[in-house]
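Enquirer: What follows is target_16.txt, compact mmCIF, C-alpha atoms.
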# COMPACT_ATOMS: atom_id res chain seq x y z
CA MET A 230 25.97 21.44 20.49
CA THR A 231 23.33 24.11 21.09
CA TYR A 232 23.54 26.59 23.95
CA SER A 233 20.57 28.32 25.55
CA LEU A 234 20.15 30.68 28.51
CA LEU A 235 18.27 30.34 31.81
CA ASP A 236 17.56 33.53 33.77
CA VAL A 237 15.68 34.06 37.04
CA ALA A 238 16.29 37.83 37.25
CA PRO A 239 18.43 37.50 40.41
CA VAL A 240 18.03 40.21 43.05
CA ALA A 241 21.14 41.15 45.05
CA PRO A 242 20.73 41.95 48.77
CA ASP A 243 21.01 45.72 48.21
CA GLU A 244 18.68 45.78 45.17
CA THR A 245 14.97 45.87 44.36
CA PRO A 246 13.13 43.49 42.00
CA ALA A 247 12.81 46.42 39.61
CA ASP A 248 16.62 46.61 39.44
CA ALA A 249 16.79 42.93 38.56
CA LEU A 250 14.02 43.10 35.95
CA GLY A 251 15.77 46.02 34.29
CA ARG A 252 18.63 43.66 33.44
CA VAL A 253 16.75 40.81 31.74
CA VAL A 254 16.76 42.41 28.29
CA PRO A 255 20.51 43.19 28.15
CA LEU A 256 21.32 39.60 29.15
CA ALA A 257 18.88 38.16 26.60
CA ARG A 258 20.34 40.39 23.90
CA ALA A 259 23.83 39.16 24.79
CA ALA A 260 22.59 35.57 24.37
CA GLU A 261 21.03 36.47 21.03
CA ARG A 262 24.30 37.99 19.80
CA SER A 263 26.19 34.91 20.98
CA GLY A 264 24.03 32.52 18.96
CA TYR A 265 22.03 30.96 21.80
CA ARG A 266 18.85 29.23 20.67
CA ARG A 267 16.49 30.29 23.47
CA VAL A 268 16.22 32.11 26.78
CA TRP A 269 13.91 30.81 29.51
CA TYR A 270 12.56 32.39 32.71
CA ALA A 271 11.59 30.42 35.81
CA GLU A 272 8.54 30.78 38.02
CA HIS A 273 9.35 31.09 41.74
CA HIS A 274 7.26 32.71 44.47
CA ASN A 275 8.07 34.44 47.77
CA LEU A 276 11.81 34.33 47.16
CA PRO A 277 13.43 37.76 47.72
CA GLN A 278 16.41 36.85 45.53
CA ILE A 279 14.33 35.98 42.40
CA ALA A 280 12.22 38.46 40.40
CA SER A 281 10.83 36.23 37.61
CA ALA A 282 7.61 35.14 39.37
CA ALA A 283 5.31 36.64 36.70
CA THR A 284 6.97 34.51 34.04
CA SER A 285 4.64 35.20 31.12
CA VAL A 286 4.96 38.97 31.67
CA VAL A 287 8.77 38.75 31.62
CA ILE A 288 8.65 36.62 28.46
CA GLY A 289 6.49 39.16 26.65
CA HIS A 290 8.78 42.02 27.60
CA VAL A 291 11.95 40.22 26.52
CA ALA A 292 10.43 38.93 23.27
CA ALA A 293 9.40 42.50 22.39
CA HIS A 294 12.98 43.72 22.88
CA THR A 295 14.80 40.94 21.02
CA GLU A 296 14.62 39.81 17.40
CA ARG A 297 15.43 36.15 16.78
CA ILE A 298 16.05 34.24 19.99
CA ARG A 299 13.25 32.01 21.24
CA VAL A 300 11.80 33.12 24.58
CA GLY A 301 9.94 30.92 27.02
CA ALA A 302 9.26 29.51 30.44
CA GLY A 303 11.69 27.28 32.21
CA GLY A 304 9.28 26.86 33.59
CA VAL A 305 5.68 27.50 34.47
CA MET A 306 4.74 25.49 37.56
CA LEU A 307 1.50 24.08 36.23
CA PRO A 308 -0.03 23.13 39.62
CA ASN A 309 -0.20 26.88 40.34
CA HIS A 310 -2.49 27.54 37.36
CA SER A 311 -5.38 26.22 35.32
CA PRO A 312 -4.34 24.80 31.93
CA LEU A 313 -6.87 27.07 30.21
CA VAL A 314 -5.32 30.26 31.64
CA ILE A 315 -1.80 29.16 30.65
CA ALA A 316 -3.03 28.28 27.15
CA GLU A 317 -4.54 31.76 26.86
CA GLN A 318 -1.40 33.47 28.17
CA PHE A 319 1.03 31.60 25.92
CA GLY A 320 -1.37 31.68 22.99
CA THR A 321 -1.34 35.46 23.36
CA LEU A 322 2.47 35.52 23.49
CA ALA A 323 2.62 33.34 20.37
CA ALA A 324 0.24 35.67 18.56
CA PHE A 325 2.50 38.63 19.33
CA HIS A 326 5.73 36.71 18.58
CA PRO A 327 5.02 33.89 16.09
CA GLY A 328 7.48 31.01 16.13
CA ARG A 329 9.48 32.32 19.10
CA ILE A 330 7.61 31.18 22.24
CA ASP A 331 8.39 28.05 24.32
CA LEU A 332 6.45 26.63 27.26
CA GLY A 333 8.40 24.54 29.75
CA LEU A 334 6.29 22.91 32.47
CA GLY A 335 7.16 21.81 36.00
CA ARG A 336 5.05 20.15 38.66
CA ALA A 337 6.72 21.54 41.80
CA PRO A 338 4.64 24.36 43.31
CA GLY A 339 7.90 26.24 43.93
CA SER A 340 6.82 27.62 47.27
CA ASP A 341 6.44 27.03 51.00
CA ARG A 342 3.19 26.12 52.75
CA ASN A 343 2.05 29.68 53.38
CA THR A 344 2.83 30.70 49.81
CA ALA A 345 0.93 27.65 48.54
CA ARG A 346 -2.05 28.83 50.55
CA ALA A 347 -1.75 32.30 49.02
CA LEU A 348 -1.67 30.68 45.57
CA ARG A 349 -4.88 28.79 46.47
CA LEU A 350 -3.11 25.46 45.97
CA THR A 351 -4.56 22.19 47.20
CA ALA A 352 -2.45 19.33 48.48
CA GLU A 353 -3.45 17.24 45.45
CA ALA A 354 -2.58 19.84 42.79
CA ALA A 355 0.79 18.32 41.88
CA ASP A 356 -0.76 14.86 41.54
CA ALA A 357 -2.84 16.07 38.59
CA PHE A 358 0.22 17.27 36.66
CA PRO A 359 0.16 14.59 33.91
CA GLU A 360 -3.56 15.17 33.25
CA ASP A 361 -3.05 18.94 33.29
CA VAL A 362 -0.25 18.66 30.72
CA LEU A 363 -2.53 16.68 28.42
CA GLU A 364 -5.34 19.21 28.88
CA LEU A 365 -2.99 22.10 28.15
CA ARG A 366 -1.62 20.38 25.05
CA ALA A 367 -5.16 19.84 23.82
CA PHE A 368 -6.10 23.50 24.36
CA LEU A 369 -3.02 24.66 22.44
CA GLY A 370 -3.51 22.09 19.69
CA GLY A 371 -7.14 22.89 19.06
CA GLU A 372 -8.54 19.66 20.50
CA PRO A 373 -11.68 19.62 22.71
CA ALA A 374 -9.93 19.41 26.08
CA VAL A 375 -13.14 20.45 27.83
CA PRO A 376 -16.42 20.24 25.89
CA GLY A 377 -17.48 23.63 24.63
CA VAL A 378 -14.34 25.45 25.84
CA ARG A 379 -11.59 26.89 23.63
CA ALA A 380 -8.49 28.82 24.61
CA ILE A 381 -8.77 32.19 22.87
CA PRO A 382 -6.02 33.10 22.09
CA GLY A 383 -4.21 29.76 22.16
CA HIS A 384 -6.51 27.47 20.20
CA GLY A 385 -4.46 25.91 17.41
CA SER A 386 -1.28 27.83 18.28
CA ASN A 387 0.67 24.62 19.03
CA VAL A 388 3.10 26.41 21.34
CA PRO A 389 5.93 23.87 21.89
CA LEU A 390 5.79 22.11 25.26
CA TYR A 391 8.77 20.89 27.30
CA ILE A 392 8.71 18.86 30.51
CA LEU A 393 11.06 20.09 33.24
CA GLY A 394 12.28 18.05 36.16
CA SER A 395 15.00 16.91 38.51
CA SER A 396 13.84 13.32 39.04
CA LEU A 397 12.74 10.24 37.14
CA PHE A 398 9.10 11.37 37.28
CA GLY A 399 9.66 14.11 34.70
CA ALA A 400 11.88 11.88 32.55
CA ASN A 401 9.25 9.14 32.44
CA LEU A 402 6.42 11.57 31.73
CA ALA A 403 8.28 13.37 28.93
CA ALA A 404 9.21 10.03 27.37
CA ALA A 405 5.64 8.72 27.60
CA LEU A 406 4.16 11.87 26.02
CA GLY A 407 6.82 12.19 23.32
CA LEU A 408 7.94 15.62 24.53
CA PRO A 409 11.37 17.26 24.98
CA TYR A 410 12.78 17.00 28.50
CA ALA A 411 14.89 19.53 30.41
CA PHE A 412 16.77 18.34 33.50
CA ALA A 413 17.57 20.89 36.23
CA SER A 414 21.14 19.83 36.92
CA HIS A 415 22.19 23.41 37.68
CA PHE A 416 20.74 23.06 41.21
CA ALA A 417 19.52 19.44 41.63
CA PRO A 418 22.08 17.20 39.90
CA ALA A 419 21.71 13.94 41.82
CA ALA A 420 19.49 12.04 39.36
CA MET A 421 20.91 13.56 36.16
CA ASP A 422 22.56 10.48 34.67
CA THR A 423 19.71 8.12 35.50
CA ALA A 424 17.06 10.57 34.25
CA ALA A 425 18.89 11.15 30.96
CA GLU A 426 19.27 7.42 30.37
CA THR A 427 15.66 6.69 31.32
CA TYR A 428 14.30 9.41 29.05
CA ARG A 429 16.14 8.19 25.97
CA ALA A 430 15.58 4.49 26.67
CA THR A 431 11.81 4.78 27.14
CA TYR A 432 11.00 7.56 24.67
CA ARG A 433 7.84 7.11 22.62
CA PRO A 434 7.95 9.08 19.36
CA SER A 435 5.18 11.62 18.78
CA ALA A 436 4.02 13.38 15.64
CA GLN A 437 5.64 16.63 16.79
CA HIS A 438 8.81 14.99 18.12
CA PRO A 439 9.78 11.73 16.38
CA GLU A 440 13.11 11.83 18.22
CA PRO A 441 13.85 12.61 21.88
CA HIS A 442 15.31 16.01 22.70
CA LEU A 443 17.23 16.29 25.95
CA ILE A 444 18.20 19.62 27.52
CA ILE A 445 20.69 19.59 30.38
CA SER A 446 21.24 22.73 32.46
CA ALA A 447 24.52 23.89 33.98
CA ASN A 448 25.77 26.96 35.79
CA LEU A 449 28.13 29.24 33.90
CA VAL A 450 31.01 31.33 35.25
CA ALA A 451 33.36 32.59 32.54
CA ALA A 452 36.00 35.31 32.48
CA GLU A 453 39.16 36.32 30.65
CA SER A 454 41.34 34.67 33.31
CA GLU A 455 41.06 31.58 35.47
CA ALA A 456 41.68 33.61 38.62
CA GLU A 457 38.83 36.00 37.84
CA ALA A 458 36.47 33.12 37.05
CA GLU A 459 37.32 31.42 40.34
CA ARG A 460 36.71 34.69 42.20
CA GLN A 461 33.27 35.02 40.59
CA TYR A 462 32.44 31.39 41.36
CA ARG A 463 33.32 31.85 45.02
CA ALA A 464 31.09 34.92 45.18
CA ALA A 465 28.28 32.92 43.58
CA LEU A 466 28.63 30.22 46.24
CA ARG A 467 28.41 32.85 48.96
CA PHE A 468 25.27 34.31 47.35
CA ARG A 469 23.65 30.87 47.34
CA ALA A 470 24.69 30.18 50.91
CA ARG A 471 23.13 33.44 52.10
CA ALA A 472 19.88 32.49 50.37
CA LEU A 473 19.68 28.88 51.54
CA LEU A 474 21.43 28.47 54.89
CA MET A 475 19.84 29.48 58.17
CA GLY A 476 21.64 32.40 59.78
CA ALA A 477 23.92 33.00 56.80
CA ARG A 478 22.49 36.38 55.79
CA ASP A 479 24.48 38.30 58.44
CA LEU A 480 27.80 36.51 57.97
CA THR A 481 30.83 38.22 56.46
CA ASP A 482 32.44 36.84 53.30
CA ALA A 483 35.25 35.33 55.38
CA GLN A 484 32.74 33.61 57.67
CA LEU A 485 30.77 32.33 54.68
CA ASP A 486 33.95 30.89 53.18
CA GLN A 487 34.52 28.97 56.42
CA VAL A 488 30.98 27.60 56.22
CA LEU A 489 31.35 26.66 52.56
CA ASP A 490 34.60 24.81 53.29
CA SER A 491 33.02 22.88 56.16
CA PRO A 492 30.64 19.89 56.09
CA ALA A 493 27.76 22.39 56.54
CA GLY A 494 28.54 23.86 53.13
CA GLU A 495 28.67 20.50 51.39
CA GLN A 496 25.05 20.78 50.24
CA ILE A 497 25.75 24.07 48.46
CA ARG A 498 28.80 22.67 46.74
CA ALA A 499 26.89 19.53 45.73
CA MET A 500 24.08 21.61 44.23
CA THR A 501 26.54 23.43 41.96
CA VAL A 502 28.68 20.49 40.93
CA HIS A 503 27.67 21.05 37.30
CA THR A 504 29.17 24.50 36.93
CA ALA A 505 31.44 25.35 34.01
CA VAL A 506 34.12 27.68 35.43
CA GLY A 507 37.08 29.30 33.72
CA THR A 508 38.22 30.90 30.50
CA PRO A 509 36.12 30.28 27.35
CA ASP A 510 38.24 27.37 26.12
CA ARG A 511 38.07 25.65 29.48
CA VAL A 512 34.32 26.25 29.77
CA HIS A 513 33.63 24.88 26.29
CA ALA A 514 35.61 21.75 27.19
CA GLN A 515 33.66 21.26 30.43
CA LEU A 516 30.34 21.72 28.63
CA ALA A 517 31.36 19.31 25.87
CA ALA A 518 32.19 16.69 28.52
CA LEU A 519 28.77 17.21 30.16
CA ALA A 520 27.01 16.85 26.82
CA GLU A 521 28.92 13.67 25.99
CA ARG A 522 28.24 12.21 29.44
CA THR A 523 24.47 12.76 29.23
CA GLY A 524 23.84 12.59 25.50
CA ALA A 525 22.34 16.09 25.68
CA ASP A 526 21.05 17.69 22.51
CA GLU A 527 21.18 21.14 24.10
CA LEU A 528 22.80 22.78 27.11
CA MET A 529 20.94 25.49 29.01
CA LEU A 530 23.37 27.79 30.80
CA ALA A 531 22.53 29.70 33.98
CA PRO A 532 25.02 32.56 34.48
CA ALA A 533 25.97 32.39 38.16
CA ALA A 534 28.09 35.50 38.75
CA THR A 535 26.64 37.92 41.29
CA ASP A 536 27.42 40.99 39.17
CA HIS A 537 25.21 41.70 36.14
CA HIS A 538 28.11 42.83 33.96
CA ASP A 539 29.97 39.62 34.76
CA ARG A 540 26.92 37.56 33.74
CA VAL A 541 26.61 39.42 30.45
CA ARG A 542 30.34 39.08 29.82
CA ALA A 543 30.19 35.33 30.48
CA VAL A 544 27.54 34.92 27.80
CA GLU A 545 29.53 37.08 25.40
CA LEU A 546 32.65 35.00 25.99
CA VAL A 547 30.97 31.60 25.73
CA THR A 548 29.39 31.83 22.31
CA ALA A 549 27.38 28.99 20.88
CA PRO A 550 29.32 26.65 18.57
CA ALA A 551 28.61 27.33 14.89
CA ARG A 552 25.92 25.06 13.48
CA VAL A 553 26.88 22.99 10.45
Any chance you could put this one into C-alpha cells?

Expert:
Amino acid sequence: MTYSLLDVAPVAPDETPADALGRVVPLARAAERSGYRRVWYAEHHNLPQIASAATSVVIGHVAAHTERIRVGAGGVMLPNHSPLVIAEQFGTLAAFHPGRIDLGLGRAPGSDRNTARALRLTAEAADAFPEDVLELRAFLGGEPAVPGVRAIPGHGSNVPLYILGSSLFGANLAAALGLPYAFASHFAPAAMDTAAETYRATYRPSAQHPEPHLIISANLVAAESEAEAERQYRAALRFRARALLMGARDLTDAQLDQVLDSPAGEQIRAMTVHTAVGTPDRVHAQLAALAERTGADELMLAPAATDHHDRVRAVELVTAPARV
C-alpha cells in the first residue's frame, strides 16, 4: 500500500493565511521522510479556514523545498480556468521540477455564487469539464488542441493527469479516459464504494495507464496514545463544526460537543466517517481495512489535527509501508 498526503494549509481562527502557508513545507518534508509518494494541495476560494487557493504557487514553493516527493494539485478546479493557462502553469512547474509534478482535476467550482461571479464563472462552466480535460491533455501531450495554439511551457510535458471526484460522474469519466481516479472520501464518503466499483468495472486502458489506479482519501489522526488521538479527533470535529454550521463560531468547546453529539452534528460525523484514529498500529490496521474494502492502489491521508505539530507528528508516526 502506498500513502500520500493531502494538505489545504488550514488556517486556525486566531491565525493568518501567512501563518498557515508557512507550515506547508515542514509537513511536506515530514511526508517525504516518512516515504509518502506525493503531496497534493487543493484549490478552494473564499474560505477563511483554507489558504491553498493559489494551488500552483503553493506547489512550486513546496517542490523547491523538497527533494523526492511528488507535488501536485488535488486538485485544480478546471471550470475556474482555461485549459491553456493550466497547461502553461503546470508545464512551467514540470520544467522546474522534472518528473515530480501531478495535476489532479475537479469539476466543482469550489465556491459560492458571489465567489463564482468574482471568478468570472458561467453557469455552464462545469458542464464543459470532460471537453476541457481532453483539451488540457492535448495541450500537455503536444497535440493540436486548438489550431495554431501551443502551451509554452507545457507542450509535450505530459504532466500526469488525475480525475478527482466524490460521485459516479468522476468515476465514469476517469474510467472512460483511462486516467487515475481519486475519490474524496475524507469529506464526502457516501458514494465511495459504488464509485470505486464503477471505476474498476468500466475502466478503458490507455497508453499511459494500461491498468486502473484508484486513490482513496481518508483523514488521519495519530498519536502515541489512544487517549491523545481521541482528544485530537474531537478537536478536529469542533474545528469542522465551527467552519460548517451556522452560528457555531461563537460556541464554547463544551457547547460544540453538545451539538456534535446531537442530531444536528450528525452531518459532521458522517463527513468524517473515514478517519483513521489512534496509535500507529491501530491506524495502519484501519487504513489496510479501507484499502481492502475499496481495492485502493493508494491512500491519500489528510492530517486532521488542529495543531500543526500534531499534524506533523501524525505523518511521522504513520510511515508508508516499505515497498517490495

Enquirer: When you look at A:Thr245 with a cut-off of 12 Å (counting all atoms listed in the file), what residues show up, excluding the ones that are within fewer than 5 positions of it in the same chain? I need them as a list in words.

Expert: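 Neighbouring residues, sequence-local ones excluded: Ala238, Pro239, Val240, Leu250, Gly251, Arg252, Pro277, Gln278, Ile279 and Ala280 of chain A.
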
Enquirer: Pick from A:Ser233, A:Ser396, A:Ser491, A:Thr344: nearest to A:Gly301, with only C-alpha atoms counted?

Expert: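 That would be A:Ser233, the residue with the smallest distance to A:Gly301.
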
Enquirer: Can you pull out every residue within 7 Å of stretch 351-359 of chain A, counting all atoms listed in the file, but drop anything in the same chain fewer than 2 positions away, and send it as a list in words?

Expert: Leu307, Pro308, Arg336, Ala337, Arg349, Asp361, Val362 and Leu363 of chain A

Enquirer: Quick check, in Å to one decimal: how far apart do atom CA of A:Gly394 and atom CA of A:Arg366 lie?

Expert: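 Taking atom CA of A:Gly394 and atom CA of A:Arg366, their separation equals 17.9 Å.
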
Enquirer: Point out the residue among A:Ser414, A:Thr284, A:Thr423, A:Asn387 with the least atom-to-atom distance to A:Gln437, counting all atoms listed in the file.

Expert: A:Asn387

Enquirer: Just how far from atom CA of A:Gly507 is atom CA of A:Ala458, in Å to one decimal?

Expert: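 Calculated distance between atom CA of A:Ala458 and atom CA of A:Gly507 is 5.1 Å.
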
Enquirer: Separation of atom CA of A:Leu234 and atom CA of A:Leu276, in Å?

Expert: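 Answer for the atom CA of A:Leu234 to atom CA of A:Leu276 separation: 20.8 Å.
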
Enquirer: Could I get the residues of stretch 323-420 of chain A with an atom no further than 12 Å from an atom of stretch 523-528 of chain A, each paired with its nearest atom pair and that distance in Å to one decimal, using only C-alpha atoms, sorted by chain and residue number, as a Markdown table?

Expert:
| residue | atom | partner | partner_atom | distance |
| --- | --- | --- | --- | --- |
| A:Pro409 | CA | A:Asp526 | CA | 10.0 |
| A:Tyr410 | CA | A:Ala525 | CA | 10.0 |
| A:Ala411 | CA | A:Glu527 | CA | 9.1 |
| A:Phe412 | CA | A:Leu528 | CA | 9.8 |
| A:Ala413 | CA | A:Leu528 | CA | 10.7 |
| A:Ser414 | CA | A:Leu528 | CA | 10.4 |
| A:His415 | CA | A:Leu528 | CA | 10.6 |
| A:Pro418 | CA | A:Thr523 | CA | 11.8 |
| A:Ala420 | CA | A:Thr523 | CA | 11.3 |

Enquirer: Given only C-alpha atoms as the basis, pick out the residue of A:Glu364, A:Asp539, A:Asp236, A:Glu455 nearest to A:Ala271.

Expert: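 Result for the nearest residue to A:Ala271: A:Asp236.
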
Enquirer: For A:Asp331, please output as a PyMOL selection string all residues within 12 Å (counting only C-alpha atoms; exclusion window: fewer than 2 positions along the same chain).

Expert: chain A and resi 266-270+284-285+288-289+292+298-305+316+318-320+322-323+326-329+333-334+386-392+409

Enquirer: Identify which of the residues A:Ala403, A:Leu489, A:Leu466, A:Ala419 lies closest to A:His442, counting all atoms listed in the file when measuring atom-to-atom distances.

Expert: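 Using all atoms listed in the file, the shortest distance to A:His442 belongs to A:Ala403.
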
Enquirer: Extract, using all atoms listed in the file, all DNA, RNA and protein residues at most 12 Å from A:Arg471, discarding same-chain residues fewer than 5 positions from it, and format them as an MDAnalysis selection string.

Expert: chainID A and resid 241:242 277:278 464:466 476:482 484:486 488:489 494 497
